[in-house]
>>> print(open('model-v7.cif').read())   # mmCIF, C-alpha atoms
data_entry
loop_
_atom_site.label_atom_id
_atom_site.label_comp_id
_atom_site.auth_asym_id
_atom_site.auth_seq_id
_atom_site.Cartn_x
_atom_site.Cartn_y
_atom_site.Cartn_z
CA MET A 1 14.39 -22.56 39.31
CA LYS A 2 13.05 -23.01 35.79
CA VAL A 3 10.81 -19.92 36.20
CA THR A 4 13.79 -17.81 37.34
CA VAL A 5 15.89 -18.94 34.37
CA THR A 6 13.02 -18.17 31.98
CA ILE A 7 12.56 -14.65 33.39
CA LEU A 8 16.31 -13.97 33.21
CA GLY A 9 16.32 -15.20 29.63
CA LEU A 10 13.50 -12.85 28.67
CA LEU A 11 15.21 -9.91 30.35
CA CYS A 12 18.50 -10.63 28.60
CA SER A 13 16.70 -11.00 25.27
CA ALA A 14 14.94 -7.66 25.73
CA LEU A 15 18.20 -5.96 26.70
CA LEU A 16 20.06 -7.31 23.69
CA HIS A 17 17.18 -6.26 21.46
CA ALA A 18 17.25 -2.74 22.86
CA GLN A 19 21.03 -2.44 22.46
CA GLY A 20 20.76 -3.30 18.77
CA TYR A 21 17.75 -1.08 18.20
CA PRO A 22 16.99 0.05 15.60
CA ASN A 23 18.32 -2.14 12.80
CA LYS A 24 15.52 -1.50 10.31
CA PRO A 25 13.11 1.37 9.43
CA ILE A 26 10.59 2.54 12.02
CA ARG A 27 6.94 3.16 11.15
CA LEU A 28 5.40 6.25 12.74
CA ILE A 29 1.63 5.97 12.38
CA VAL A 30 -0.14 9.33 12.13
CA PRO A 31 -3.90 8.72 12.50
CA PHE A 32 -4.77 11.93 10.64
CA PRO A 33 -4.54 13.17 7.02
CA PRO A 34 -1.40 14.77 5.59
CA ALA A 35 -0.80 18.47 6.33
CA GLU A 36 -2.69 18.48 9.64
CA THR A 37 -0.84 19.59 12.78
CA MET A 38 0.07 16.08 13.99
CA ASP A 39 1.32 15.13 10.53
CA LEU A 40 3.48 18.23 10.10
CA MET A 41 4.95 17.80 13.59
CA SER A 42 5.66 14.11 13.03
CA ARG A 43 7.47 14.78 9.77
CA LEU A 44 9.72 17.34 11.45
CA ILE A 45 10.46 15.04 14.38
CA GLY A 46 10.68 11.91 12.22
CA ALA A 47 13.40 13.39 10.03
CA LYS A 48 15.53 14.18 13.11
CA LEU A 49 14.86 10.72 14.60
CA GLY A 50 16.03 9.10 11.41
CA GLU A 51 19.28 11.07 11.47
CA ARG A 52 20.01 10.30 15.13
CA LEU A 53 19.00 6.63 15.10
CA GLY A 54 20.56 5.79 11.75
CA GLN A 55 17.37 4.31 10.34
CA GLN A 56 14.59 5.83 8.25
CA VAL A 57 11.43 6.85 10.10
CA VAL A 58 8.55 6.28 7.69
CA ILE A 59 5.49 8.45 8.30
CA GLU A 60 2.35 6.44 7.55
CA ASN A 61 -0.94 8.34 7.51
CA ARG A 62 -3.88 6.19 8.64
CA PRO A 63 -6.77 8.63 9.09
CA GLY A 64 -10.31 7.64 9.98
CA ALA A 65 -12.81 7.54 12.82
CA SER A 66 -11.41 10.71 14.42
CA GLY A 67 -7.99 9.13 14.85
CA MET A 68 -9.14 5.77 16.20
CA LEU A 69 -8.15 3.66 13.18
CA GLY A 70 -4.50 4.62 13.28
CA LEU A 71 -4.18 4.20 17.03
CA ASP A 72 -5.85 0.79 16.84
CA LEU A 73 -3.20 -0.27 14.32
CA VAL A 74 -0.48 0.79 16.77
CA ALA A 75 -2.15 -1.03 19.68
CA LYS A 76 -2.23 -4.28 17.68
CA SER A 77 1.36 -4.03 16.38
CA ALA A 78 4.33 -5.97 17.73
CA PRO A 79 5.82 -4.31 20.85
CA ASP A 80 9.32 -4.12 19.36
CA GLY A 81 9.74 -0.38 18.79
CA TYR A 82 9.35 -0.59 15.02
CA THR A 83 5.77 0.72 15.04
CA ILE A 84 4.97 3.78 17.11
CA GLY A 85 2.04 6.14 16.92
CA ALA A 86 1.04 9.77 17.26
CA GLY A 87 -1.71 10.45 19.76
CA GLN A 88 -3.50 13.49 21.10
CA GLY A 89 -6.10 14.39 23.67
CA GLY A 90 -8.96 13.73 21.28
CA ASN A 91 -8.23 10.11 20.43
CA MET A 92 -6.66 9.12 23.76
CA VAL A 93 -8.77 10.75 26.48
CA ILE A 94 -11.94 12.11 24.80
CA LEU A 95 -13.09 9.38 22.41
CA PRO A 96 -12.83 6.61 25.04
CA HIS A 97 -15.71 8.37 26.81
CA THR A 98 -17.72 9.66 23.85
CA SER A 99 -17.53 6.73 21.42
CA ARG A 100 -19.37 3.45 21.92
CA ASN A 101 -17.12 1.48 19.57
CA ILE A 102 -13.57 2.46 20.45
CA PRO A 103 -11.35 -0.54 19.62
CA TYR A 104 -8.52 0.08 22.12
CA ASN A 105 -7.97 0.87 25.78
CA ALA A 106 -5.94 4.08 25.91
CA LEU A 107 -4.61 3.34 29.41
CA LYS A 108 -3.68 -0.34 28.88
CA ASP A 109 -2.84 -0.86 25.20
CA PHE A 110 -0.04 1.71 24.92
CA VAL A 111 3.14 2.73 26.68
CA PRO A 112 3.67 6.52 26.56
CA ILE A 113 6.95 7.60 24.96
CA ALA A 114 6.99 11.40 24.97
CA LEU A 115 4.62 14.32 25.29
CA SER A 116 5.84 16.56 22.49
CA THR A 117 3.70 19.67 22.68
CA THR A 118 0.61 21.23 24.17
CA ASN A 119 -1.75 23.57 22.41
CA TYR A 120 -4.79 25.66 23.07
CA LEU A 121 -8.05 26.42 21.41
CA ALA A 122 -9.39 29.75 20.22
CA ILE A 123 -12.94 30.89 20.91
CA VAL A 124 -13.91 33.15 18.04
CA GLY A 125 -16.94 35.20 17.15
CA ALA A 126 -18.51 36.63 14.03
CA MET A 127 -17.67 40.28 13.45
CA ASN A 128 -21.38 41.11 13.65
CA ALA A 129 -22.06 39.00 16.77
CA PRO A 130 -23.63 40.92 19.68
CA PHE A 131 -20.57 40.34 21.89
CA LYS A 132 -16.84 41.04 21.75
CA THR A 133 -15.57 39.23 24.86
CA ILE A 134 -16.24 35.97 26.69
CA GLY A 135 -17.93 37.95 29.47
CA GLU A 136 -20.28 39.60 26.98
CA MET A 137 -20.94 36.24 25.27
CA VAL A 138 -21.87 34.62 28.59
CA ALA A 139 -24.14 37.55 29.46
CA TYR A 140 -25.80 37.35 26.02
CA ALA A 141 -26.32 33.58 26.38
CA LYS A 142 -27.87 33.97 29.83
CA ALA A 143 -30.21 36.70 28.63
CA ASN A 144 -31.17 34.68 25.53
CA PRO A 145 -31.32 31.00 26.55
CA GLY A 146 -30.38 28.69 23.69
CA LYS A 147 -29.99 31.52 21.20
CA LEU A 148 -26.18 31.54 21.17
CA THR A 149 -24.97 29.31 18.31
CA VAL A 150 -21.53 27.73 18.58
CA ALA A 151 -19.68 25.70 15.96
CA THR A 152 -17.24 22.86 16.71
CA ASN A 153 -15.64 20.08 14.69
CA GLY A 154 -18.13 17.48 15.84
CA GLU A 155 -20.34 16.06 18.56
CA GLY A 156 -18.26 14.72 21.43
CA GLY A 157 -14.94 16.00 20.04
CA PHE A 158 -12.35 17.83 22.10
CA PRO A 159 -13.48 21.37 21.13
CA HIS A 160 -17.10 20.45 21.88
CA LEU A 161 -16.22 19.15 25.34
CA ALA A 162 -13.96 22.16 25.95
CA PHE A 163 -16.92 24.46 25.29
CA GLU A 164 -19.20 22.27 27.41
CA HIS A 165 -16.69 22.69 30.22
CA LEU A 166 -16.95 26.47 29.77
CA ARG A 167 -20.75 26.25 29.72
CA THR A 168 -20.94 24.30 32.96
CA MET A 169 -18.56 26.69 34.71
CA GLY A 170 -20.17 29.81 33.24
CA GLY A 171 -23.76 28.71 33.83
CA PHE A 172 -25.21 29.46 30.40
CA THR A 173 -26.87 27.61 27.51
CA TYR A 174 -26.21 27.51 23.77
CA THR A 175 -27.08 25.64 20.59
CA HIS A 176 -24.33 23.38 19.28
CA ILE A 177 -23.68 23.34 15.52
CA PRO A 178 -21.29 20.47 14.62
CA TYR A 179 -19.11 20.64 11.49
CA LYS A 180 -16.64 18.27 9.85
CA GLY A 181 -13.61 20.55 9.86
CA SER A 182 -11.99 23.90 10.58
CA ALA A 183 -12.51 25.38 7.13
CA ALA A 184 -16.29 24.95 7.26
CA ILE A 185 -16.43 26.37 10.80
CA ALA A 186 -14.53 29.51 9.79
CA THR A 187 -16.57 29.95 6.61
CA ASP A 188 -19.94 29.89 8.33
CA ILE A 189 -18.89 32.12 11.22
CA MET A 190 -17.48 34.66 8.76
CA GLY A 191 -20.69 34.38 6.78
CA GLY A 192 -22.82 35.05 9.85
CA GLN A 193 -24.60 31.69 9.84
CA VAL A 194 -23.11 30.89 13.27
CA GLN A 195 -22.29 33.40 15.99
CA ALA A 196 -19.24 31.77 17.54
CA GLY A 197 -16.94 28.77 17.35
CA ILE A 198 -14.15 26.98 19.13
CA ASP A 199 -11.27 25.27 17.35
CA GLY A 200 -7.49 24.99 17.27
CA ILE A 201 -5.75 28.35 17.14
CA THR A 202 -3.68 27.36 14.11
CA GLY A 203 -6.60 27.03 11.71
CA MET A 204 -8.27 30.21 12.93
CA THR A 205 -5.18 32.44 12.86
CA PRO A 206 -5.29 33.56 9.18
CA HIS A 207 -8.93 34.63 9.51
CA ILE A 208 -8.31 36.44 12.80
CA LYS A 209 -5.34 38.32 11.38
CA SER A 210 -7.27 39.26 8.24
CA GLY A 211 -10.00 40.80 10.41
CA ARG A 212 -12.72 38.40 9.27
CA LEU A 213 -13.02 36.68 12.65
CA ARG A 214 -12.85 38.17 16.13
CA ILE A 215 -10.85 36.22 18.69
CA LEU A 216 -12.66 36.34 22.03
CA ALA A 217 -10.19 34.30 24.08
CA THR A 218 -7.83 31.35 24.17
CA THR A 219 -8.51 28.39 26.44
CA ASN A 220 -5.20 27.94 28.24
CA LYS A 221 -4.36 29.07 31.77
CA THR A 222 -2.25 32.12 30.91
CA ARG A 223 -1.95 34.36 27.85
CA PRO A 224 0.28 32.65 25.25
CA ALA A 225 3.36 34.40 23.94
CA LEU A 226 1.96 34.62 20.41
CA TRP A 227 -1.26 36.29 21.64
CA PRO A 228 -0.21 38.53 24.55
CA ASP A 229 -3.07 40.99 24.00
CA THR A 230 -5.78 38.32 23.82
CA PRO A 231 -7.57 37.40 27.08
CA VAL A 232 -7.82 33.81 28.25
CA ALA A 233 -11.33 32.58 28.96
CA ALA A 234 -10.45 32.25 32.65
CA GLU A 235 -10.35 36.03 32.93
CA ASP A 236 -14.15 36.00 32.56
CA VAL A 237 -14.86 32.49 33.83
CA PRO A 238 -12.41 31.99 36.74
CA GLY A 239 -10.77 28.58 36.99
CA TYR A 240 -11.51 27.55 33.41
CA GLU A 241 -8.77 25.87 31.41
CA SER A 242 -8.93 23.42 28.52
CA GLY A 243 -5.69 22.73 26.70
CA GLY A 244 -4.88 19.98 24.27
CA TRP A 245 -1.70 17.99 23.74
CA PHE A 246 0.18 15.83 21.25
CA GLY A 247 2.47 12.92 22.01
CA TYR A 248 3.92 9.60 20.91
CA ALA A 249 3.18 6.10 22.18
CA ALA A 250 4.17 2.50 21.47
CA PRO A 251 2.28 -0.77 21.87
CA ALA A 252 2.08 -2.01 25.45
CA ALA A 253 5.02 -4.23 26.51
CA THR A 254 7.53 -2.37 24.33
CA PRO A 255 10.89 -2.75 26.15
CA ARG A 256 11.66 0.19 28.45
CA ASP A 257 15.16 0.71 27.02
CA ILE A 258 13.62 1.28 23.59
CA VAL A 259 11.02 3.66 25.03
CA LEU A 260 13.75 5.65 26.79
CA LYS A 261 15.87 5.80 23.64
CA LEU A 262 12.94 7.11 21.60
CA ASN A 263 12.02 9.56 24.37
CA ALA A 264 15.53 11.00 24.46
CA GLN A 265 15.71 11.45 20.69
CA ILE A 266 12.21 12.93 20.36
CA ASN A 267 13.01 15.43 23.11
CA ARG A 268 16.31 16.22 21.42
CA ALA A 269 14.53 16.80 18.12
CA LEU A 270 12.08 19.17 19.80
CA ARG A 271 14.99 21.34 20.97
CA GLU A 272 16.42 21.73 17.47
CA PRO A 273 15.76 25.33 16.33
CA ASP A 274 14.53 24.31 12.87
CA VAL A 275 11.90 22.14 14.58
CA SER A 276 10.99 24.17 17.65
CA ASP A 277 10.67 27.47 15.77
CA LYS A 278 8.17 26.00 13.33
CA LEU A 279 6.12 24.38 16.07
CA VAL A 280 6.03 27.52 18.23
CA ASN A 281 5.04 29.65 15.24
CA ALA A 282 2.18 27.21 14.64
CA GLY A 283 0.84 28.01 18.11
CA LEU A 284 2.25 24.99 19.93
CA ILE A 285 4.10 24.88 23.25
CA ILE A 286 7.14 22.58 23.41
CA VAL A 287 7.14 20.09 26.30
CA GLY A 288 9.70 17.30 25.94
CA GLU A 289 9.29 15.46 29.26
CA SER A 290 9.76 11.87 30.50
CA PRO A 291 7.52 8.90 29.63
CA GLU A 292 6.25 9.00 33.23
CA TYR A 293 5.21 12.63 32.84
CA PHE A 294 3.18 11.74 29.75
CA ALA A 295 1.66 8.70 31.49
CA GLU A 296 0.52 10.82 34.44
CA LEU A 297 -1.06 13.44 32.14
CA LEU A 298 -2.81 10.70 30.19
CA LYS A 299 -4.34 9.25 33.37
CA SER A 300 -5.38 12.60 34.85
CA ASP A 301 -6.97 13.89 31.63
CA TYR A 302 -8.70 10.54 31.10
CA ALA A 303 -10.35 10.92 34.51
CA LYS A 304 -11.08 14.63 34.00
CA TYR A 305 -12.96 14.19 30.73
CA GLY A 306 -14.64 11.02 31.88
CA LYS A 307 -16.16 13.00 34.73
CA LEU A 308 -17.14 15.86 32.42
CA VAL A 309 -18.92 13.50 30.01
CA LYS A 310 -20.93 12.07 32.90
CA ASP A 311 -21.65 15.47 34.42
CA ILE A 312 -23.12 16.88 31.21
CA GLY A 313 -25.09 13.69 30.49
CA PHE A 314 -23.45 13.08 27.14
CA THR A 315 -24.57 9.88 25.42
CA PRO A 316 -21.71 8.06 23.63
CA GLN A 317 -22.24 8.11 19.90
#
>>> encode(input="model-v7.cif", output="structure tokens")
Amino acid sequence: MKVTVTILGLLCSALLHAQGYPNKPIRLIVPFPPAETMDLMSRLIGAKLGERLGQQVVIENRPGASGMLGLDLVAKSAPDGYTIGAGQGGNMVILPHTSRNIPYNALKDFVPIALSTTNYLAIVGAMNAPFKTIGEMVAYAKANPGKLTVATNGEGGFPHLAFEHLRTMGGFTYTHIPYKGSAAIATDIMGGQVQAGIDGITGMTPHIKSGRLRILATTNKTRPALWPDTPVAAEDVPGYESGGWFGYAAPAATPRDIVLKLNAQINRALREPDVSDKLVNAGLIIVGESPEYFAELLKSDYAKYGKLVKDIGFTPQ
């Protein structure tokens, strides 16, 4: 009897808490520097959340360790809805398999709130590279084992694994050249020091449009609306797809009513024209689904990249 009363008391307490939520500012932890995609998106969404919920949403940038530091802060915060975090494929489903010292369990320490957007990578080549398409690049790599040089934003990062996925499906070899960021990747490909690279479409777009980089393909399943004349890699390597995503999560045990309230308002914000137009023009695809949808994607991608890391024999760094 005492156990039943205790459980009922906890449920009532959680319900009352959710009904009064929020009654103070909400921290939205962005585990990346200002002006990066996740930061810009969070500021757009956060402003709308603040208006709808009647409380300020404070964006707090906590960059470091490829996004692990900020997410660890979220995981260790009180599960009361007043600290939520921005996550993406890299720090939620890639790093758990490629890092030896990850401080959180992506599947157990968070409750998914909303999958906001998906994105895709661009595979680009130097203007003087001996290939102009993915098919030609694969043929060149097969004819010249190890000679193809490809730049990414780091060993074991999402773009690196996306290209490894292409390599395993395409049956070719290459030499990986890791960099610390998009700007350095673009600079060295344009300068001819590296033949090709793979990175987010947003950072590569200005250089592609200026004619200093050649876009070979995007990595999503079908041609995106912003690049209708650009092939997807699957047109040369059938079955290939490697898209990224961005979403929001709370500490595990956050009351469901709070999660649902945040989900509804984030999805509502994504539908606002002054938010959606900016995100679409940045090369993102609006999602806005349920917490369960995000949870299922998180689990399936976690398994997918875990298998890929094992298949390619990658040693966690």
>>> axis_aligned_box(input="model-v7.cif", around="region 85-101 of chain A", padding_each_side="6 Å", output="lines of an AutoDock Vina configuration file")
center_x = -8.7
center_y = 7.9
center_z = 21.9
size_x = 33.4
size_y = 24.9
size_z = 21.9
>>> resolve_selection(input="model-v7.cif", expression="the PyMOL selection byres ((chain A and resi 208) around 12)", output="list in words")
Ala122, Ile123, Val124, Gly125, Ala126, Met127, Ala186, Ile189, Met190, Ile201, Thr202, Gly203, Met204, Thr205, Pro206, His207, Lys209, Ser210, Gly211, Arg212, Leu213, Arg214, Ile215, Leu216, Ala217, Trp227 and Thr230 of chain A
>>> resolve_selection(input="model-v7.cif", expression="the PyMOL selection byres ((chain A and resi 76-88) around 9)", output="VMD selection string")
chain A and resid 17 to 18 21 to 22 24 to 31 38 to 39 42 67 70 to 75 89 to 93 104 109 113 244 to 255 258 to 259 262
>>> atom_distance(input="model-v7.cif", atom1="CA of Ala139 (chain A)", atom2="CA of Phe172 (chain A)")
8.2 Å
>>> closest_residue(input="model-v7.cif", among="A:Lys221, A:Arg167, A:His97, A:Arg52", to="Tyr305 (chain A)", atoms="all atoms listed in the file")
A:His97
>>> closest_residue(input="model-v7.cif", among="A:Pro224, A:Gly157, A:Pro112, A:Pro316", to="Tyr179 (chain A)", atoms="all atoms listed in the file")
A:Gly157
>>> closest_residue(input="model-v7.cif", among="A:Asn267, A:Thr117, A:Asn128, A:Asn61", to="Leu284 (chain A)", atoms="only C-alpha atoms")
A:Thr117
>>> atom_distance(input="model-v7.cif", atom1="CA of Pro33 (chain A)", atom2="CA of Pro63 (chain A)")
5.5 Å
>>> atom_distance(input="model-v7.cif", atom1="CA of Glu155 (chain A)", atom2="CA of Thr175 (chain A)")
11.9 Å
>>> decode(input="model-v7.cif", residues="region 224-254 of chain A", atoms="N, CA, C and O atoms", output="compact mmCIF listing (two decimals), in the first residue's frame")
# COMPACT_ATOMS: atom_id res chain seq x y z
N PRO A 224 18.50 16.85 -53.80
CA PRO A 224 17.81 17.87 -52.99
C PRO A 224 17.30 19.02 -53.85
O PRO A 224 17.83 19.29 -54.93
N ALA A 225 16.27 19.68 -53.35
CA ALA A 225 15.63 20.76 -54.10
C ALA A 225 16.59 21.88 -54.45
O ALA A 225 16.48 22.49 -55.53
N LEU A 226 17.55 22.15 -53.57
CA LEU A 226 18.49 23.25 -53.83
C LEU A 226 19.56 22.88 -54.86
O LEU A 226 20.23 23.76 -55.40
N TRP A 227 19.73 21.57 -55.13
CA TRP A 227 20.75 21.11 -56.07
C TRP A 227 20.16 20.09 -57.04
O TRP A 227 20.61 18.95 -57.12
N PRO A 228 19.14 20.49 -57.79
CA PRO A 228 18.44 19.53 -58.66
C PRO A 228 19.29 18.99 -59.80
O PRO A 228 18.99 17.91 -60.34
N ASP A 229 20.34 19.70 -60.18
CA ASP A 229 21.18 19.27 -61.30
C ASP A 229 22.43 18.52 -60.84
O ASP A 229 23.27 18.14 -61.66
N THR A 230 22.56 18.35 -59.52
CA THR A 230 23.73 17.65 -58.97
C THR A 230 23.37 16.20 -58.67
O THR A 230 22.38 15.94 -57.99
N PRO A 231 24.14 15.25 -59.16
CA PRO A 231 23.85 13.83 -58.87
C PRO A 231 24.00 13.53 -57.39
O PRO A 231 24.73 14.22 -56.66
N VAL A 232 23.32 12.48 -56.93
CA VAL A 232 23.61 11.93 -55.61
C VAL A 232 24.60 10.78 -55.83
O VAL A 232 24.66 10.19 -56.91
N ALA A 233 25.39 10.50 -54.81
CA ALA A 233 26.44 9.49 -54.95
C ALA A 233 25.86 8.13 -55.33
O ALA A 233 26.51 7.33 -56.01
N ALA A 234 24.61 7.88 -54.91
CA ALA A 234 23.97 6.59 -55.19
C ALA A 234 23.76 6.34 -56.69
O ALA A 234 23.56 5.20 -57.11
N GLU A 235 23.82 7.39 -57.49
CA GLU A 235 23.67 7.21 -58.93
C GLU A 235 24.88 6.49 -59.52
O GLU A 235 24.78 5.87 -60.58
N ASP A 236 26.02 6.56 -58.84
CA ASP A 236 27.22 5.84 -59.28
C ASP A 236 27.56 4.67 -58.37
O ASP A 236 28.20 3.71 -58.80
N VAL A 237 27.13 4.75 -57.11
CA VAL A 237 27.35 3.66 -56.16
C VAL A 237 25.97 3.29 -55.60
O VAL A 237 25.55 3.83 -54.57
N PRO A 238 25.24 2.42 -56.29
CA PRO A 238 23.85 2.11 -55.92
C PRO A 238 23.69 1.68 -54.46
O PRO A 238 24.49 0.92 -53.93
N GLY A 239 22.66 2.24 -53.82
CA GLY A 239 22.35 1.89 -52.45
C GLY A 239 23.02 2.76 -51.40
O GLY A 239 22.70 2.68 -50.21
N TYR A 240 23.95 3.62 -51.83
CA TYR A 240 24.66 4.45 -50.87
C TYR A 240 23.79 5.62 -50.41
O TYR A 240 23.11 6.27 -51.20
N GLU A 241 23.84 5.88 -49.13
CA GLU A 241 23.18 7.05 -48.55
C GLU A 241 23.83 7.34 -47.21
O GLU A 241 24.11 6.43 -46.43
N SER A 242 24.10 8.61 -46.93
CA SER A 242 24.69 8.97 -45.65
C SER A 242 24.28 10.39 -45.30
O SER A 242 24.97 11.35 -45.65
N GLY A 243 23.15 10.51 -44.65
CA GLY A 243 22.66 11.83 -44.27
C GLY A 243 22.85 12.09 -42.79
O GLY A 243 22.85 11.16 -41.97
N GLY A 244 22.98 13.34 -42.44
CA GLY A 244 23.11 13.72 -41.04
C GLY A 244 21.81 14.28 -40.51
O GLY A 244 20.82 14.41 -41.24
N TRP A 245 21.77 14.59 -39.23
CA TRP A 245 20.57 15.15 -38.63
C TRP A 245 20.91 15.99 -37.40
O TRP A 245 21.98 15.87 -36.83
N PHE A 246 19.97 16.84 -37.04
CA PHE A 246 20.08 17.69 -35.85
C PHE A 246 18.81 17.55 -35.04
O PHE A 246 17.71 17.47 -35.60
N GLY A 247 18.94 17.54 -33.72
CA GLY A 247 17.76 17.42 -32.88
C GLY A 247 18.00 17.91 -31.47
O GLY A 247 19.11 18.36 -31.13
N TYR A 248 16.98 17.81 -30.64
CA TYR A 248 17.05 18.31 -29.27
C TYR A 248 16.68 17.20 -28.29
O TYR A 248 15.79 16.38 -28.55
N ALA A 249 17.39 17.17 -27.16
CA ALA A 249 17.19 16.12 -26.17
C ALA A 249 17.27 16.71 -24.77
O ALA A 249 17.84 17.79 -24.57
N ALA A 250 16.70 16.00 -23.82
CA ALA A 250 16.72 16.40 -22.41
C ALA A 250 17.36 15.29 -21.60
O ALA A 250 17.50 14.16 -22.07
N PRO A 251 17.74 15.58 -20.36
CA PRO A 251 18.28 14.52 -19.51
C PRO A 251 17.26 13.40 -19.34
O PRO A 251 16.05 13.64 -19.31
N ALA A 252 17.74 12.18 -19.22
CA ALA A 252 16.85 11.04 -18.97
C ALA A 252 16.00 11.31 -17.74
O ALA A 252 16.44 11.97 -16.80
N ALA A 253 14.77 10.80 -17.76
CA ALA A 253 13.80 10.94 -16.66
C ALA A 253 13.09 12.29 -16.65
O ALA A 253 12.31 12.57 -15.74
N THR A 254 13.32 13.13 -17.66
CA THR A 254 12.53 14.35 -17.78
C THR A 254 11.06 13.96 -17.99
O THR A 254 10.76 13.11 -18.82
